[in-house]
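A.B. asks: Structure file structure34.pdb (PDB, C-alpha atoms) is given on the next line.
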```
ATOM      1  CA  MET J 100     -21.353  -2.549   7.481  1.00  0.00           C
ATOM      2  CA  PRO J 101     -20.048  -5.691   5.772  1.00  0.00           C
ATOM      3  CA  THR J 102     -19.322  -5.653   2.053  1.00  0.00           C
ATOM      4  CA  LEU J 103     -21.885  -7.156  -0.306  1.00  0.00           C
ATOM      5  CA  ARG J 104     -19.497 -10.039  -0.881  1.00  0.00           C
ATOM      6  CA  GLU J 105     -19.403 -10.762   2.849  1.00  0.00           C
ATOM      7  CA  PHE J 106     -23.119 -10.129   3.275  1.00  0.00           C
ATOM      8  CA  ILE J 107     -24.292 -12.651   0.669  1.00  0.00           C
ATOM      9  CA  ALA J 108     -21.715 -15.235   1.741  1.00  0.00           C
ATOM     10  CA  ASN J 109     -22.826 -15.148   5.372  1.00  0.00           C
ATOM     11  CA  ALA J 110     -26.547 -14.500   5.029  1.00  0.00           C
ATOM     12  CA  ASP J 111     -28.729 -16.835   7.070  1.00  0.00           C
ATOM     13  CA  ARG J 112     -31.818 -15.907   5.068  1.00  0.00           C
ATOM     14  CA  THR J 113     -32.842 -15.184   1.505  1.00  0.00           C
ATOM     15  CA  LEU J 114     -32.006 -11.596   0.549  1.00  0.00           C
ATOM     16  CA  ASN J 115     -34.581  -9.387  -1.171  1.00  0.00           C
ATOM     17  CA  PHE J 116     -33.423  -7.282  -4.117  1.00  0.00           C
ATOM     18  CA  PHE J 117     -35.117  -5.109  -6.726  1.00  0.00           C
ATOM     19  CA  THR J 118     -33.866  -4.057 -10.122  1.00  0.00           C
ATOM     20  CA  LEU J 119     -33.765  -0.785 -12.048  1.00  0.00           C
ATOM     21  CA  GLY J 120     -33.016  -0.270 -15.714  1.00  0.00           C
ATOM     22  CA  ARG J 121     -35.606   1.661 -17.682  1.00  0.00           C
ATOM     23  CA  VAL J 122     -36.250   4.153 -14.879  1.00  0.00           C
ATOM     24  CA  THR J 123     -33.172   4.822 -12.763  1.00  0.00           C
ATOM     25  CA  SER J 124     -34.336   7.943 -10.934  1.00  0.00           C
ATOM     26  CA  PRO J 125     -33.039   8.314  -7.377  1.00  0.00           C
ATOM     27  CA  VAL J 126     -36.686   8.967  -6.475  1.00  0.00           C
ATOM     28  CA  LEU J 127     -37.427   5.295  -7.148  1.00  0.00           C
ATOM     29  CA  VAL J 128     -34.468   4.233  -5.018  1.00  0.00           C
ATOM     30  CA  ASP J 129     -35.841   6.452  -2.240  1.00  0.00           C
ATOM     31  CA  LEU J 130     -39.323   4.958  -2.592  1.00  0.00           C
ATOM     32  CA  PHE J 131     -38.012   1.409  -2.238  1.00  0.00           C
ATOM     33  CA  GLY J 132     -35.954   2.551   0.737  1.00  0.00           C
ATOM     34  CA  PHE J 133     -38.868   4.241   2.490  1.00  0.00           C
ATOM     35  CA  MET J 134     -41.173   1.273   1.862  1.00  0.00           C
ATOM     36  CA  GLY J 135     -38.660  -1.092   3.442  1.00  0.00           C
ATOM     37  CA  GLY J 136     -38.161  -4.826   3.080  1.00  0.00           C
ATOM     38  CA  PHE J 137     -35.286  -4.765   0.598  1.00  0.00           C
ATOM     39  CA  ASP J 138     -31.571  -5.350   1.073  1.00  0.00           C
ATOM     40  CA  GLY J 139     -30.427  -3.812  -2.187  1.00  0.00           C
ATOM     41  CA  PHE J 140     -30.818  -3.620  -5.934  1.00  0.00           C
ATOM     42  CA  TRP J 141     -29.096  -4.305  -9.196  1.00  0.00           C
ATOM     43  CA  LEU J 142     -28.879  -2.065 -12.231  1.00  0.00           C
ATOM     44  CA  ASP J 143     -29.559  -3.500 -15.671  1.00  0.00           C
ATOM     45  CA  GLN J 144     -26.827  -2.048 -17.864  1.00  0.00           C
ATOM     46  CA  GLU J 145     -27.223  -4.945 -20.318  1.00  0.00           C
ATOM     47  CA  HIS J 146     -30.674  -4.005 -21.563  1.00  0.00           C
ATOM     48  CA  SER J 147     -30.711  -0.295 -20.778  1.00  0.00           C
ATOM     49  CA  GLY J 148     -27.236   0.911 -21.688  1.00  0.00           C
ATOM     50  CA  LEU J 149     -26.944   2.921 -18.485  1.00  0.00           C
ATOM     51  CA  THR J 150     -24.364   5.671 -18.444  1.00  0.00           C
ATOM     52  CA  TYR J 151     -21.627   6.097 -15.863  1.00  0.00           C
ATOM     53  CA  GLU J 152     -23.513   9.099 -14.485  1.00  0.00           C
ATOM     54  CA  GLN J 153     -26.759   7.137 -14.079  1.00  0.00           C
ATOM     55  CA  MET J 154     -24.947   4.359 -12.219  1.00  0.00           C
ATOM     56  CA  LEU J 155     -23.125   6.911 -10.064  1.00  0.00           C
ATOM     57  CA  VAL J 156     -26.370   8.624  -9.014  1.00  0.00           C
ATOM     58  CA  ALA J 157     -28.296   5.392  -8.405  1.00  0.00           C
ATOM     59  CA  THR J 158     -25.589   3.782  -6.264  1.00  0.00           C
ATOM     60  CA  ALA J 159     -25.173   7.009  -4.272  1.00  0.00           C
ATOM     61  CA  ALA J 160     -28.925   7.124  -3.632  1.00  0.00           C
ATOM     62  CA  GLY J 161     -28.795   3.488  -2.566  1.00  0.00           C
ATOM     63  CA  ARG J 162     -26.082   4.096   0.003  1.00  0.00           C
ATOM     64  CA  GLY J 163     -28.377   6.659   1.618  1.00  0.00           C
ATOM     65  CA  HIS J 164     -30.741   3.806   2.502  1.00  0.00           C
ATOM     66  CA  GLY J 165     -28.070   1.244   3.345  1.00  0.00           C
ATOM     67  CA  PHE J 166     -28.728  -0.619   0.096  1.00  0.00           C
ATOM     68  CA  TYR J 167     -26.164  -2.843  -1.544  1.00  0.00           C
ATOM     69  CA  SER J 168     -25.953  -2.604  -5.333  1.00  0.00           C
ATOM     70  CA  PHE J 169     -24.412  -4.346  -8.292  1.00  0.00           C
ATOM     71  CA  VAL J 170     -24.639  -3.972 -12.057  1.00  0.00           C
ATOM     72  CA  ARG J 171     -25.545  -6.532 -14.700  1.00  0.00           C
ATOM     73  CA  ALA J 172     -23.552  -6.073 -17.876  1.00  0.00           C
ATOM     74  CA  ALA J 173     -22.964  -8.052 -21.037  1.00  0.00           C
ATOM     75  CA  PRO J 174     -19.512  -9.713 -20.823  1.00  0.00           C
ATOM     76  CA  VAL J 175     -18.319  -8.184 -24.068  1.00  0.00           C
ATOM     77  CA  ASN J 176     -16.750  -4.913 -22.951  1.00  0.00           C
ATOM     78  CA  TYR J 177     -13.795  -4.790 -20.588  1.00  0.00           C
ATOM     79  CA  ALA J 178     -14.239  -1.064 -19.967  1.00  0.00           C
ATOM     80  CA  ILE J 179     -17.886  -1.318 -18.889  1.00  0.00           C
ATOM     81  CA  VAL J 180     -16.991  -3.723 -16.079  1.00  0.00           C
ATOM     82  CA  THR J 181     -14.525  -1.356 -14.470  1.00  0.00           C
ATOM     83  CA  GLN J 182     -16.841   1.633 -15.042  1.00  0.00           C
ATOM     84  CA  CYS J 183     -19.559  -0.108 -13.034  1.00  0.00           C
ATOM     85  CA  LEU J 184     -17.203  -0.566 -10.098  1.00  0.00           C
ATOM     86  CA  GLU J 185     -15.737   2.932 -10.383  1.00  0.00           C
ATOM     87  CA  ALA J 186     -19.284   4.344 -10.276  1.00  0.00           C
ATOM     88  CA  GLY J 187     -19.667   2.900  -6.800  1.00  0.00           C
ATOM     89  CA  ALA J 188     -21.415  -0.435  -7.345  1.00  0.00           C
ATOM     90  CA  ASP J 189     -20.537  -3.177  -4.868  1.00  0.00           C
ATOM     91  CA  GLY J 190     -20.168  -5.729  -7.626  1.00  0.00           C
ATOM     92  CA  VAL J 191     -20.835  -6.776 -11.198  1.00  0.00           C
ATOM     93  CA  MET J 192     -22.826  -9.558 -12.811  1.00  0.00           C
ATOM     94  CA  ALA J 193     -22.150 -11.051 -16.232  1.00  0.00           C
ATOM     95  CA  ALA J 194     -25.126 -11.775 -18.485  1.00  0.00           C
ATOM     96  CA  GLN J 195     -25.234 -14.360 -21.282  1.00  0.00           C
ATOM     97  CA  VAL J 196     -22.187 -16.344 -20.175  1.00  0.00           C
ATOM     98  CA  ASN J 197     -21.717 -19.535 -22.175  1.00  0.00           C
ATOM     99  CA  SER J 198     -18.764 -21.326 -20.597  1.00  0.00           C
ATOM    100  CA  ALA J 199     -16.400 -21.508 -17.660  1.00  0.00           C
ATOM    101  CA  ALA J 200     -13.726 -19.868 -19.810  1.00  0.00           C
ATOM    102  CA  HIS J 201     -16.112 -17.006 -20.528  1.00  0.00           C
ATOM    103  CA  ALA J 202     -16.848 -16.629 -16.803  1.00  0.00           C
ATOM    104  CA  GLU J 203     -13.142 -16.658 -15.930  1.00  0.00           C
ATOM    105  CA  GLU J 204     -12.499 -13.861 -18.429  1.00  0.00           C
ATOM    106  CA  PHE J 205     -15.186 -11.730 -16.779  1.00  0.00           C
ATOM    107  CA  VAL J 206     -13.715 -12.344 -13.328  1.00  0.00           C
ATOM    108  CA  GLN J 207     -10.314 -11.214 -14.587  1.00  0.00           C
ATOM    109  CA  TRP J 208     -11.863  -8.009 -15.963  1.00  0.00           C
ATOM    110  CA  ALA J 209     -13.241  -7.263 -12.486  1.00  0.00           C
ATOM    111  CA  LYS J 210     -10.037  -7.979 -10.532  1.00  0.00           C
ATOM    112  CA  PHE J 211      -6.628  -6.354 -10.384  1.00  0.00           C
ATOM    113  CA  SER J 212      -3.316  -8.223 -10.597  1.00  0.00           C
ATOM    114  CA  PRO J 213      -2.411 -10.850  -9.567  1.00  0.00           C
ATOM    115  CA  ARG J 214      -5.953 -12.255  -9.964  1.00  0.00           C
ATOM    116  CA  GLY J 215      -6.992 -10.293 -12.994  1.00  0.00           C
ATOM    117  CA  VAL J 216      -6.256  -7.667 -15.588  1.00  0.00           C
ATOM    118  CA  ARG J 217      -8.455  -4.758 -14.541  1.00  0.00           C
ATOM    119  CA  GLY J 218      -6.988  -1.425 -15.575  1.00  0.00           C
ATOM    120  CA  MET J 219      -5.742   0.631 -12.663  1.00  0.00           C
ATOM    121  CA  ASN J 220      -7.369   3.993 -12.012  1.00  0.00           C
ATOM    122  CA  ASN J 221      -7.964   5.122  -8.459  1.00  0.00           C
ATOM    123  CA  GLY J 222      -9.956   8.221  -9.431  1.00  0.00           C
ATOM    124  CA  GLY J 223     -13.371   6.565  -9.068  1.00  0.00           C
ATOM    125  CA  ARG J 224     -15.880   6.290  -6.224  1.00  0.00           C
ATOM    126  CA  ASP J 225     -14.597   2.841  -5.279  1.00  0.00           C
ATOM    127  CA  ALA J 226     -11.190   4.339  -4.450  1.00  0.00           C
ATOM    128  CA  LEU J 227     -12.786   7.333  -2.700  1.00  0.00           C
ATOM    129  CA  TYR J 228     -11.771   9.531  -5.638  1.00  0.00           C
ATOM    130  CA  ALA J 229      -8.012   8.979  -5.239  1.00  0.00           C
ATOM    131  CA  GLY J 230      -8.381   8.744  -1.474  1.00  0.00           C
ATOM    132  CA  LYS J 231      -6.915   5.248  -1.498  1.00  0.00           C
ATOM    133  CA  PRO J 232      -3.302   4.678  -2.559  1.00  0.00           C
ATOM    134  CA  VAL J 233      -3.004   2.365  -5.561  1.00  0.00           C
ATOM    135  CA  LYS J 234      -1.672  -0.654  -3.677  1.00  0.00           C
ATOM    136  CA  GLN J 235      -4.314  -0.405  -0.961  1.00  0.00           C
ATOM    137  CA  PHE J 236      -7.047   0.131  -3.537  1.00  0.00           C
ATOM    138  CA  ALA J 237      -6.046  -2.934  -5.563  1.00  0.00           C
ATOM    139  CA  GLU J 238      -5.919  -5.183  -2.506  1.00  0.00           C
ATOM    140  CA  GLU J 239      -9.218  -3.965  -1.059  1.00  0.00           C
ATOM    141  CA  SER J 240     -11.061  -4.058  -4.382  1.00  0.00           C
ATOM    142  CA  ASN J 241      -9.933  -7.625  -5.068  1.00  0.00           C
ATOM    143  CA  ARG J 242     -11.048  -8.580  -1.578  1.00  0.00           C
ATOM    144  CA  ASP J 243     -14.373  -6.744  -1.528  1.00  0.00           C
ATOM    145  CA  SER J 244     -15.871  -6.588  -5.044  1.00  0.00           C
ATOM    146  CA  MET J 245     -18.607  -9.158  -5.681  1.00  0.00           C
ATOM    147  CA  VAL J 246     -18.720 -11.054  -8.965  1.00  0.00           C
ATOM    148  CA  ALA J 247     -21.821 -12.910 -10.147  1.00  0.00           C
ATOM    149  CA  ILE J 248     -22.285 -15.042 -13.235  1.00  0.00           C
ATOM    150  CA  GLN J 249     -25.669 -15.519 -14.846  1.00  0.00           C
ATOM    151  CA  ILE J 250     -26.713 -19.026 -15.773  1.00  0.00           C
ATOM    152  CA  GLU J 251     -29.226 -18.406 -18.525  1.00  0.00           C
ATOM    153  CA  THR J 252     -28.126 -20.483 -21.493  1.00  0.00           C
ATOM    154  CA  ALA J 253     -28.053 -24.220 -22.114  1.00  0.00           C
ATOM    155  CA  GLN J 254     -24.291 -23.965 -22.612  1.00  0.00           C
ATOM    156  CA  SER J 255     -23.666 -22.311 -19.237  1.00  0.00           C
ATOM    157  CA  LEU J 256     -25.981 -24.817 -17.568  1.00  0.00           C
ATOM    158  CA  ASN J 257     -23.877 -27.632 -19.009  1.00  0.00           C
ATOM    159  CA  GLU J 258     -20.787 -26.021 -17.453  1.00  0.00           C
ATOM    160  CA  VAL J 259     -22.364 -24.755 -14.232  1.00  0.00           C
ATOM    161  CA  ASP J 260     -20.226 -26.991 -12.014  1.00  0.00           C
ATOM    162  CA  ALA J 261     -17.030 -25.684 -13.607  1.00  0.00           C
ATOM    163  CA  ILE J 262     -18.304 -22.094 -13.374  1.00  0.00           C
ATOM    164  CA  ALA J 263     -19.167 -22.503  -9.695  1.00  0.00           C
ATOM    165  CA  ALA J 264     -15.664 -23.856  -9.061  1.00  0.00           C
ATOM    166  CA  ILE J 265     -13.958 -20.679 -10.332  1.00  0.00           C
ATOM    167  CA  PRO J 266     -12.257 -18.693  -7.549  1.00  0.00           C
ATOM    168  CA  ASP J 267     -13.866 -15.271  -7.017  1.00  0.00           C
ATOM    169  CA  VAL J 268     -17.183 -16.227  -8.600  1.00  0.00           C
ATOM    170  CA  ASP J 269     -19.329 -15.337  -5.600  1.00  0.00           C
ATOM    171  CA  MET J 270     -22.815 -15.939  -6.940  1.00  0.00           C
ATOM    172  CA  LEU J 271     -24.635 -17.847  -9.664  1.00  0.00           C
ATOM    173  CA  PHE J 272     -27.773 -16.077 -10.862  1.00  0.00           C
ATOM    174  CA  VAL J 273     -30.400 -17.883 -12.914  1.00  0.00           C
ATOM    175  CA  GLY J 274     -32.100 -15.826 -15.629  1.00  0.00           C
ATOM    176  CA  PRO J 275     -35.331 -17.814 -16.112  1.00  0.00           C
ATOM    177  CA  SER J 276     -36.627 -16.040 -19.212  1.00  0.00           C
ATOM    178  CA  ASP J 277     -33.497 -16.544 -21.269  1.00  0.00           C
ATOM    179  CA  LEU J 278     -32.959 -20.012 -19.837  1.00  0.00           C
ATOM    180  CA  SER J 279     -36.464 -21.045 -20.906  1.00  0.00           C
ATOM    181  CA  GLN J 280     -35.697 -19.712 -24.379  1.00  0.00           C
ATOM    182  CA  SER J 281     -32.392 -21.553 -24.564  1.00  0.00           C
ATOM    183  CA  LEU J 282     -34.022 -24.798 -23.391  1.00  0.00           C
ATOM    184  CA  GLY J 283     -36.720 -24.614 -26.070  1.00  0.00           C
ATOM    185  CA  VAL J 284     -39.624 -23.734 -23.768  1.00  0.00           C
ATOM    186  CA  VAL J 285     -39.651 -19.970 -24.240  1.00  0.00           C
ATOM    187  CA  GLY J 286     -41.766 -18.128 -21.697  1.00  0.00           C
ATOM    188  CA  GLU J 287     -42.609 -21.261 -19.689  1.00  0.00           C
ATOM    189  CA  LEU J 288     -40.737 -20.140 -16.622  1.00  0.00           C
ATOM    190  CA  GLU J 289     -41.961 -22.994 -14.437  1.00  0.00           C
ATOM    191  CA  HIS J 290     -41.514 -25.755 -16.985  1.00  0.00           C
ATOM    192  CA  ASP J 291     -39.889 -28.951 -15.716  1.00  0.00           C
ATOM    193  CA  LYS J 292     -36.807 -28.273 -17.869  1.00  0.00           C
ATOM    194  CA  VAL J 293     -36.319 -24.899 -16.198  1.00  0.00           C
ATOM    195  CA  TRP J 294     -36.761 -26.391 -12.710  1.00  0.00           C
ATOM    196  CA  GLU J 295     -34.237 -29.082 -13.570  1.00  0.00           C
ATOM    197  CA  GLY J 296     -31.890 -26.244 -14.430  1.00  0.00           C
ATOM    198  CA  TYR J 297     -32.505 -24.626 -11.071  1.00  0.00           C
ATOM    199  CA  GLU J 298     -31.719 -27.917  -9.363  1.00  0.00           C
ATOM    200  CA  GLN J 299     -28.419 -28.160 -11.265  1.00  0.00           C
ATOM    201  CA  VAL J 300     -27.469 -24.643 -10.237  1.00  0.00           C
ATOM    202  CA  ALA J 301     -28.450 -25.254  -6.623  1.00  0.00           C
ATOM    203  CA  ALA J 302     -26.354 -28.440  -6.519  1.00  0.00           C
ATOM    204  CA  ALA J 303     -23.302 -26.732  -8.046  1.00  0.00           C
ATOM    205  CA  ALA J 304     -23.607 -23.780  -5.660  1.00  0.00           C
ATOM    206  CA  LYS J 305     -23.859 -26.075  -2.640  1.00  0.00           C
ATOM    207  CA  LYS J 306     -20.935 -28.225  -3.782  1.00  0.00           C
ATOM    208  CA  HIS J 307     -18.612 -25.246  -4.188  1.00  0.00           C
ATOM    209  CA  GLY J 308     -19.898 -23.129  -1.312  1.00  0.00           C
ATOM    210  CA  LYS J 309     -21.362 -20.422  -3.508  1.00  0.00           C
ATOM    211  CA  VAL J 310     -24.558 -18.380  -3.282  1.00  0.00           C
ATOM    212  CA  TRP J 311     -27.228 -18.459  -5.978  1.00  0.00           C
ATOM    213  CA  GLY J 312     -30.111 -16.168  -6.850  1.00  0.00           C
ATOM    214  CA  THR J 313     -32.880 -15.700  -9.384  1.00  0.00           C
ATOM    215  CA  VAL J 314     -36.003 -13.818 -10.454  1.00  0.00           C
ATOM    216  CA  PRO J 315     -39.019 -15.842  -9.252  1.00  0.00           C
ATOM    217  CA  ALA J 316     -41.972 -16.271 -11.610  1.00  0.00           C
ATOM    218  CA  SER J 317     -44.512 -16.312  -8.763  1.00  0.00           C
ATOM    219  CA  PRO J 318     -44.761 -16.294  -4.952  1.00  0.00           C
ATOM    220  CA  ALA J 319     -45.062 -20.086  -5.035  1.00  0.00           C
ATOM    221  CA  ALA J 320     -41.920 -20.298  -7.172  1.00  0.00           C
ATOM    222  CA  ALA J 321     -40.121 -18.006  -4.723  1.00  0.00           C
ATOM    223  CA  GLN J 322     -40.879 -20.392  -1.889  1.00  0.00           C
ATOM    224  CA  ARG J 323     -39.669 -23.326  -3.955  1.00  0.00           C
ATOM    225  CA  HIS J 324     -36.447 -21.424  -4.687  1.00  0.00           C
ATOM    226  CA  ARG J 325     -35.912 -20.862  -0.965  1.00  0.00           C
ATOM    227  CA  GLU J 326     -36.365 -24.559  -0.345  1.00  0.00           C
ATOM    228  CA  LEU J 327     -33.651 -25.233  -2.942  1.00  0.00           C
ATOM    229  CA  GLY J 328     -31.279 -22.948  -1.036  1.00  0.00           C
ATOM    230  CA  CYS J 329     -31.664 -19.708  -3.012  1.00  0.00           C
ATOM    231  CA  ARG J 330     -30.105 -16.772  -1.159  1.00  0.00           C
ATOM    232  CA  MET J 331     -31.101 -13.824  -3.356  1.00  0.00           C
ATOM    233  CA  LEU J 332     -34.532 -13.184  -4.865  1.00  0.00           C
ATOM    234  CA  THR J 333     -35.275 -10.271  -7.187  1.00  0.00           C
ATOM    235  CA  PHE J 334     -39.040  -9.884  -7.222  1.00  0.00           C
ATOM    236  CA  ALA J 335     -39.519  -6.188  -7.969  1.00  0.00           C
ATOM    237  CA  SER J 336     -38.505  -3.963 -10.860  1.00  0.00           C
ATOM    238  CA  ASP J 337     -38.999  -0.358 -11.870  1.00  0.00           C
ATOM    239  CA  VAL J 338     -41.318  -1.095 -14.792  1.00  0.00           C
ATOM    240  CA  GLY J 339     -43.130  -3.912 -13.003  1.00  0.00           C
ATOM    241  CA  CYS J 340     -43.928  -1.788  -9.953  1.00  0.00           C
ATOM    242  CA  LEU J 341     -45.027   1.205 -12.023  1.00  0.00           C
ATOM    243  CA  ARG J 342     -47.283  -0.964 -14.165  1.00  0.00           C
ATOM    244  CA  ALA J 343     -48.783  -2.656 -11.111  1.00  0.00           C
ATOM    245  CA  GLY J 344     -49.336   0.734  -9.478  1.00  0.00           C
ATOM    246  CA  ILE J 345     -51.074   2.137 -12.548  1.00  0.00           C
ATOM    247  CA  ALA J 346     -53.277  -0.954 -12.773  1.00  0.00           C
ATOM    248  CA  ALA J 347     -54.179  -0.678  -9.080  1.00  0.00           C
ATOM    249  CA  VAL J 348     -55.170   2.999  -9.456  1.00  0.00           C
ATOM    250  CA  LYS J 349     -57.300   2.217 -12.531  1.00  0.00           C
ATOM    251  CA  GLU J 350     -59.056  -0.572 -10.700  1.00  0.00           C
ATOM    252  CA  LYS J 351     -59.582   1.568  -7.593  1.00  0.00           C
ATOM    253  CA  PHE J 352     -61.254   4.346  -9.553  1.00  0.00           C
ATOM    254  CA  GLY J 353     -63.018   2.113 -12.081  1.00  0.00           C
ATOM    255  CA  ALA J 354     -61.101   3.467 -15.073  1.00  0.00           C
TER     256      ALA J 354
END
```
Transcribe the structure of this file into structure tokens.

C.D. replies:
Amino acid sequence: MPTLREFIANADRTLNFFTLGRVTSPVLVDLFGFMGGFDGFWLDQEHSGLTYEQMLVATAAGRGHGFYSFVRAAPVNYAIVTQCLEAGADGVMAAQVNSAAHAEEFVQWAKFSPRGVRGMNNGGRDALYAGKPVKQFAEESNRDSMVAIQIETAQSLNEVDAIAAIPDVDMLFVGPSDLSQSLGVVGELEHDKVWEGYEQVAAAAKKHGKVWGTVPASPAAAQRHRELGCRMLTFASDVGCLRAGIAAVKEKFGA
């Protein structure tokens, strides 16, 4: 099985991901796996403050279904980045990045020397709990760990070309809600300003040979994203699916 980094780089189709944050039960991971149609998921540590144990359990459950996984975290805590990887996630994604310098710092937190400054500890899941010697672990982690940078502020959009040019930034991921807020059209996820932002991201990704992804606002938006070259769509979430399921049951029984 290729690594997530290899998988997204070589995909000849748009990948389907879901996200978990408020409800990280392995039961939900199983349900998505049994229903089929998804390639993986990402965990929202930024908004939910997930613990190491929660990430460990979720990523382990995901591997049982052949799911790839990565974790979104705020780029303000060096230790959180390495904890996500040591818990068994295939990569990390930085939220609320504002500049190329900010993105470069996050990359360095996720990589060992000579590329970065990640603290060495081979006792985690990513080193097979000390099953990999330090040198081997460092080389393989630097080679295999995926790093994504969210483009969700006006400042990061202004620097998206420079961010896309950074070595070891594998994916740009547009956060439409925050981007709409930053562009002064809060909540208008399909506003022209937001679509112009998508076009900038798509152009930067294409120029530098990078993948980009997003959370589509609608099925029609998802198709438009695909046409712009999007290679990862996140169109399902724990809360969203539970709410939709509850609504469907109420409607079915006339509640």

A.B. asks: Do you know which residues are at most 12 Å from region 260-263 of chain J counting only C-alpha atoms, after dropping those on the same chain fewer than 3 positions away, and could you put them as a PyMOL selection string?

C.D. replies: chain J and resi 196-206+246-250+254-257+266-272+296+298-311

A.B. asks: Selection in question (the file shown): the PyMOL selection byres ((chain J and resi 178) around 10). Which residues does it include, as a VMD selection string?

C.D. replies: chain J and resid 175 to 177 179 to 183 208 to 209 217 to 218

A.B. asks: If you apply the PyMOL selection byres ((chain J and resi 186) around 12) to this file, what residues do you get, as an NGL selection string?

C.D. replies: :J and (142 or 149-159 or 168-170 or 179-185 or 187-191 or 221-228)

A.B. asks: For the provided coordinates, the residues matched by the PyMOL selection byres ((chain J and resi 144-147) around 7) should be stated as a JSON list (two decimals) with C-alpha atoms, in the coordinates of the input.

C.D. replies:
```json
[["chain", "number", "residue", "atom", "x", "y", "z"],
["J", 120, "GLY", "CA", -33.02, -0.27, -15.71],
["J", 121, "ARG", "CA", -35.61, 1.66, -17.68],
["J", 142, "LEU", "CA", -28.88, -2.06, -12.23],
["J", 143, "ASP", "CA", -29.56, -3.50, -15.67],
["J", 148, "GLY", "CA", -27.24, 0.91, -21.69],
["J", 149, "LEU", "CA", -26.94, 2.92, -18.48],
["J", 170, "VAL", "CA", -24.64, -3.97, -12.06],
["J", 171, "ARG", "CA", -25.54, -6.53, -14.70],
["J", 172, "ALA", "CA", -23.55, -6.07, -17.88],
["J", 173, "ALA", "CA", -22.96, -8.05, -21.04]]
```

A.B. asks: Between CA of Phe133 (chain J) and CA of Ala347 (chain J), what is the distance, to one decimal in Å?

C.D. replies: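 Here the two named atoms are 19.8 Å from each other.
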
A.B. asks: Between J:Gly165, J:Gly274, J:Gly328, J:Gly135, which has the minimum distance to Ala110 (chain J) (counting all atoms listed in the file)?

C.D. replies: J:Gly328

A.B. asks: Kindly write C-alpha atoms of region 274-300 of chain J from the structure just given to a file, as a PDB file, in the first residue's frame.

C.D. replies:
```pdb
ATOM      1  CA  GLY J 274     -10.889  26.270   4.142  1.00  0.00           C
ATOM      2  CA  PRO J 275     -13.893  28.027   2.555  1.00  0.00           C
ATOM      3  CA  SER J 276     -15.625  29.167   5.738  1.00  0.00           C
ATOM      4  CA  ASP J 277     -12.628  30.967   7.173  1.00  0.00           C
ATOM      5  CA  LEU J 278     -11.578  32.215   3.753  1.00  0.00           C
ATOM      6  CA  SER J 279     -15.010  33.773   3.218  1.00  0.00           C
ATOM      7  CA  GLN J 280     -14.678  35.443   6.613  1.00  0.00           C
ATOM      8  CA  SER J 281     -11.205  36.744   5.846  1.00  0.00           C
ATOM      9  CA  LEU J 282     -12.347  38.080   2.458  1.00  0.00           C
ATOM     10  CA  GLY J 283     -15.248  40.002   4.001  1.00  0.00           C
ATOM     11  CA  VAL J 284     -18.047  37.764   2.709  1.00  0.00           C
ATOM     12  CA  VAL J 285     -18.551  35.594   5.780  1.00  0.00           C
ATOM     13  CA  GLY J 286     -20.663  32.516   5.145  1.00  0.00           C
ATOM     14  CA  GLU J 287     -20.974  33.141   1.393  1.00  0.00           C
ATOM     15  CA  LEU J 288     -19.012  30.074   0.436  1.00  0.00           C
ATOM     16  CA  GLU J 289     -19.719  30.389  -3.281  1.00  0.00           C
ATOM     17  CA  HIS J 290     -19.152  34.120  -3.549  1.00  0.00           C
ATOM     18  CA  ASP J 291     -17.069  35.285  -6.511  1.00  0.00           C
ATOM     19  CA  LYS J 292     -14.266  36.365  -4.152  1.00  0.00           C
ATOM     20  CA  VAL J 293     -14.047  32.856  -2.721  1.00  0.00           C
ATOM     21  CA  TRP J 294     -14.038  31.274  -6.197  1.00  0.00           C
ATOM     22  CA  GLU J 295     -11.291  33.662  -7.248  1.00  0.00           C
ATOM     23  CA  GLY J 296      -9.367  32.352  -4.267  1.00  0.00           C
ATOM     24  CA  TYR J 297      -9.903  28.787  -5.402  1.00  0.00           C
ATOM     25  CA  GLU J 298      -8.606  29.706  -8.842  1.00  0.00           C
ATOM     26  CA  GLN J 299      -5.459  31.213  -7.295  1.00  0.00           C
ATOM     27  CA  VAL J 300      -4.851  28.075  -5.267  1.00  0.00           C
TER      28      VAL J 300
END
```
